Amino acid sequence: MHTATLNRVYVWQIPVRLYHWLNGACVTALAITGYIIGSPPALQSGSEASFGYWFGTVRFIHFTAAFLFFFNFMFRIYWGFAGNKYAQWRNFILHRKEQFQEAVEVLKVDILQAKSKPIDSIGHNSLASFTYFITFIAFLFQCITGFGMYAAMSDAILPNLFAWIVPLMGGDFAVRQWHHLTMWFFIIFSMVHVYLVFYHDYVEGRGVLSSMGGGWKFIEKK
């Protein structure tokens with residue numbers, strides 16, 4: 001049996017962990033309320049209409065979560081410059097040969113099951129980093145299209161900054177369809193993300209899951 005000596009390495013700072021969990025909560029609330037807004041159930045009630053303001057509550061939750069989601073995302077962009085080396089923006093853009101090679105190796109382990117030896121990355125591996133970069137683009141797209149539609153019913157400054165997207169994309173219906181389609185991207189991504197977190201926790205044994213709670217990973221000494 002292989003016995004290893006482990007170093008405890010502080011990887012995820014508090015701002016990164018707060019961003020992660022708040023972002024997860026916002027995406028969950030937005031997906032649930034967004035689906036209801038797109039396909040509202042025909043609820044019937046004998047009470048006064050003013051007592052059955054459930055759909056207005058759903059919309060309020062959606063819009064509140066959207067603002068939290070946006071400013072949380074803006075903070076993460078800032079922390080990509082202010083955070084430690086594991087949070088830096090350059091980790092999310094594949095621009096070095098070693099990153100491309102690592103991404104291929106991760107594919108062999110995670111997808112093709114062609115290798116069982118885990119990748120020796122402490123922060124995000126290159127494939128995960130690039131995937132998160134794609135999600136950041138999707139985050140931005142959701143913010144722009146969501147606030148663009150919201151601008152038609154709000155005088156607030158932030159939504160009206162994105163009012164231009166509606167005519168650019170061919171009208172409110174087209175924007176709504178793309179906004180709804182991107183929601184399913186997040187749902188599928190979340191399912192894969194949760195699976196891979198548990199998978200890497202098992203394969204690597206470094207505390208991948210607990211590291212997003214306490215910030216520490218356990219790395220084998222060479």
# chains A, B, ... in the order shown; residues from 1 in each chain; ligands from 1

call {"tool": "residues_around", "arguments": {"residues": "A:Gly214", "least_positions_apart": "3", "cutoff": "8 Å", "atoms": "only C-alpha atoms", "output": "list of chain:residue names"}}
result
A:Trp12, A:Ser210, A:Ser211

call {"tool": "write_last_selection", "arguments": {"atoms": "C-alpha atoms", "output": "PDB file, in the first residue's frame"}}
result
ATOM      1  CA  TRP A  12      -9.210  29.159  -2.635  1.00  0.00           C
ATOM      2  CA  SER A 210     -14.055  20.470   0.959  1.00  0.00           C
ATOM      3  CA  SER A 211     -11.589  22.986  -0.506  1.00  0.00           C
TER       4      SER A 211
END

call {"tool": "residues_around", "arguments": {"residues": "A:Asn84", "least_positions_apart": "2", "cutoff": "12 Å", "atoms": "only C-alpha atoms", "output": "PyMOL selection string"}}
result
chain A and resi 10-16+78-82+86-91+123

call {"tool": "write_last_selection", "arguments": {"atoms": "C-alpha atoms", "output": "compact mmCIF listing (two decimals), in the first residue's frame"}}
result
# COMPACT_ATOMS: atom_id res chain seq x y z
CA TYR A 10 -4.32 27.23 0.84
CA VAL A 11 -5.80 27.46 -2.66
CA TRP A 12 -9.21 29.16 -2.63
CA GLN A 13 -9.36 32.48 -0.84
CA ILE A 14 -12.53 33.60 0.97
CA PRO A 15 -13.70 35.93 -1.87
CA VAL A 16 -13.46 33.05 -4.39
CA TYR A 78 -11.97 42.12 -10.37
CA TRP A 79 -10.67 39.27 -8.21
CA GLY A 80 -9.14 37.74 -11.31
CA PHE A 81 -6.61 40.59 -11.05
CA ALA A 82 -6.49 41.04 -7.24
CA TYR A 86 -5.00 30.26 -8.39
CA ALA A 87 -7.68 32.92 -8.98
CA GLN A 88 -5.85 34.90 -11.67
CA TRP A 89 -7.61 35.52 -15.00
CA ARG A 90 -4.66 34.13 -17.00
CA ASN A 91 -5.47 30.64 -15.70
CA GLY A 123 -5.85 24.93 -8.69

call {"tool": "closest_residue", "arguments": {"among": "A:Ala31, A:Ala174, A:Cys143, A:Ala42", "to": "A:Phe162", "atoms": "only C-alpha atoms"}}
result
A:Cys143

call {"tool": "select_by_dssp", "arguments": {"residues": "stretch 52-201 of chain A", "states": "helix (DSSP H, G or I)", "output": "PyMOL selection string"}}
result
chain A and resi 54-82+89-92+97-110+126-153+157-160+165-168+172-201

call {"tool": "write_last_selection", "arguments": {"atoms": "C-alpha atoms", "output": "CSV table (one decimal), in the first residue's frame"}}
result
chain,number,residue,atom,x,y,z
A,54,TRP,CA,-47.5,34.6,-6.7
A,55,PHE,CA,-46.3,35.3,-10.3
A,56,GLY,CA,-45.2,38.8,-9.3
A,57,THR,CA,-43.2,37.2,-6.4
A,58,VAL,CA,-41.6,34.8,-8.9
A,59,ARG,CA,-40.5,37.7,-11.1
A,60,PHE,CA,-39.2,39.7,-8.1
A,61,ILE,CA,-37.1,36.8,-7.0
A,62,HIS,CA,-35.8,36.4,-10.6
A,63,PHE,CA,-34.9,40.1,-10.9
A,64,THR,CA,-33.3,40.3,-7.5
A,65,ALA,CA,-31.2,37.2,-8.2
A,66,ALA,CA,-30.2,38.7,-11.5
A,67,PHE,CA,-28.8,41.9,-9.9
A,68,LEU,CA,-26.9,39.8,-7.3
A,69,PHE,CA,-25.6,37.5,-10.1
A,70,PHE,CA,-24.4,40.5,-12.1
A,71,PHE,CA,-22.5,42.3,-9.3
A,72,ASN,CA,-21.1,39.0,-8.0
A,73,PHE,CA,-19.8,38.3,-11.5
A,74,MET,CA,-18.3,41.8,-11.8
A,75,PHE,CA,-16.5,41.1,-8.5
A,76,ARG,CA,-15.1,37.9,-9.8
A,77,ILE,CA,-13.6,39.7,-12.8
A,78,TYR,CA,-12.0,42.1,-10.4
A,79,TRP,CA,-10.7,39.3,-8.2
A,80,GLY,CA,-9.1,37.7,-11.3
A,81,PHE,CA,-6.6,40.6,-11.0
A,82,ALA,CA,-6.5,41.0,-7.2
A,89,TRP,CA,-7.6,35.5,-15.0
A,90,ARG,CA,-4.7,34.1,-17.0
A,91,ASN,CA,-5.5,30.6,-15.7
A,92,PHE,CA,-8.8,30.7,-17.6
A,97,LYS,CA,1.7,24.9,-24.7
A,98,GLU,CA,1.7,23.3,-21.3
A,99,GLN,CA,-1.9,24.3,-20.8
A,100,PHE,CA,-3.1,22.7,-24.0
A,101,GLN,CA,-1.1,19.5,-23.2
A,102,GLU,CA,-2.7,19.3,-19.7
A,103,ALA,CA,-6.2,19.8,-21.2
A,104,VAL,CA,-5.6,16.8,-23.4
A,105,GLU,CA,-4.4,14.7,-20.5
A,106,VAL,CA,-7.5,15.7,-18.5
A,107,LEU,CA,-9.7,14.5,-21.4
A,108,LYS,CA,-7.9,11.2,-21.3
A,109,VAL,CA,-8.7,10.8,-17.5
A,110,ASP,CA,-12.1,12.4,-17.3
A,126,SER,CA,-6.4,23.6,-17.8
A,127,LEU,CA,-9.6,22.0,-19.2
A,128,ALA,CA,-11.7,23.0,-16.2
A,129,SER,CA,-10.3,26.6,-16.4
A,130,PHE,CA,-11.1,26.9,-20.1
A,131,THR,CA,-14.6,25.5,-19.4
A,132,TYR,CA,-15.1,28.2,-16.8
A,133,PHE,CA,-14.0,30.8,-19.3
A,134,ILE,CA,-16.8,29.6,-21.6
A,135,THR,CA,-19.3,29.9,-18.7
A,136,PHE,CA,-18.0,33.5,-18.0
A,137,ILE,CA,-19.0,34.3,-21.6
A,138,ALA,CA,-22.4,32.7,-21.1
A,139,PHE,CA,-22.7,34.7,-17.8
A,140,LEU,CA,-22.1,37.9,-19.7
A,141,PHE,CA,-24.6,36.9,-22.4
A,142,GLN,CA,-27.3,36.2,-19.9
A,143,CYS,CA,-26.7,39.5,-18.1
A,144,ILE,CA,-26.9,41.5,-21.4
A,145,THR,CA,-30.0,39.7,-22.7
A,146,GLY,CA,-31.7,39.6,-19.4
A,147,PHE,CA,-31.2,43.3,-18.6
A,148,GLY,CA,-32.0,44.1,-22.2
A,149,MET,CA,-35.5,42.6,-21.8
A,150,TYR,CA,-35.9,44.2,-18.4
A,151,ALA,CA,-35.1,47.6,-19.7
A,152,ALA,CA,-38.5,47.8,-21.4
A,153,MET,CA,-40.2,47.8,-18.0
A,157,ILE,CA,-29.8,52.9,-15.2
A,158,LEU,CA,-28.2,49.4,-15.3
A,159,PRO,CA,-30.9,47.6,-17.4
A,160,ASN,CA,-31.1,50.5,-19.8
A,165,ILE,CA,-29.4,44.2,-27.5
A,166,VAL,CA,-33.1,43.8,-28.3
A,167,PRO,CA,-33.1,45.5,-31.7
A,168,LEU,CA,-29.7,44.1,-32.5
A,172,ASP,CA,-37.8,40.8,-27.8
A,173,PHE,CA,-39.0,37.3,-28.8
A,174,ALA,CA,-35.6,36.4,-30.3
A,175,VAL,CA,-33.7,37.7,-27.2
A,176,ARG,CA,-36.1,35.7,-24.9
A,177,GLN,CA,-35.5,32.5,-26.9
A,178,TRP,CA,-31.7,32.8,-26.7
A,179,HIS,CA,-31.9,33.8,-23.0
A,180,HIS,CA,-34.0,30.7,-22.3
A,181,LEU,CA,-31.7,28.4,-24.4
A,182,THR,CA,-28.7,29.6,-22.5
A,183,MET,CA,-30.5,28.7,-19.2
A,184,TRP,CA,-30.3,25.0,-20.3
A,185,PHE,CA,-26.6,25.4,-20.9
A,186,PHE,CA,-26.2,26.3,-17.2
A,187,ILE,CA,-28.4,23.4,-16.1
A,188,ILE,CA,-26.4,20.9,-18.0
A,189,PHE,CA,-23.1,22.5,-16.9
A,190,SER,CA,-24.2,22.3,-13.3
A,191,MET,CA,-24.9,18.6,-13.5
A,192,VAL,CA,-21.6,17.9,-15.1
A,193,HIS,CA,-19.8,20.2,-12.7
A,194,VAL,CA,-21.2,18.4,-9.6
A,195,TYR,CA,-20.4,15.0,-11.0
A,196,LEU,CA,-16.8,15.9,-11.8
A,197,VAL,CA,-16.2,17.5,-8.4
A,198,PHE,CA,-17.1,14.2,-6.7
A,199,TYR,CA,-15.2,12.2,-9.4
A,200,HIS,CA,-12.0,14.3,-8.8
A,201,ASP,CA,-12.4,14.1,-5.1

call {"tool": "atom_distance", "arguments": {"atom1": "atom CA of A:Gly215", "atom2": "atom CA of A:Val9"}}
result
8.4 Å

call {"tool": "closest_residue", "arguments": {"among": "A:Ile32, A:Ile37, A:Arg8, A:Ala156", "to": "A:Phe218", "atoms": "only C-alpha atoms"}}
result
A:Arg8

call {"tool": "atom_distance", "arguments": {"atom1": "atom CA of A:Lys85", "atom2": "atom CA of A:Glu204"}}
result
20.8 Å
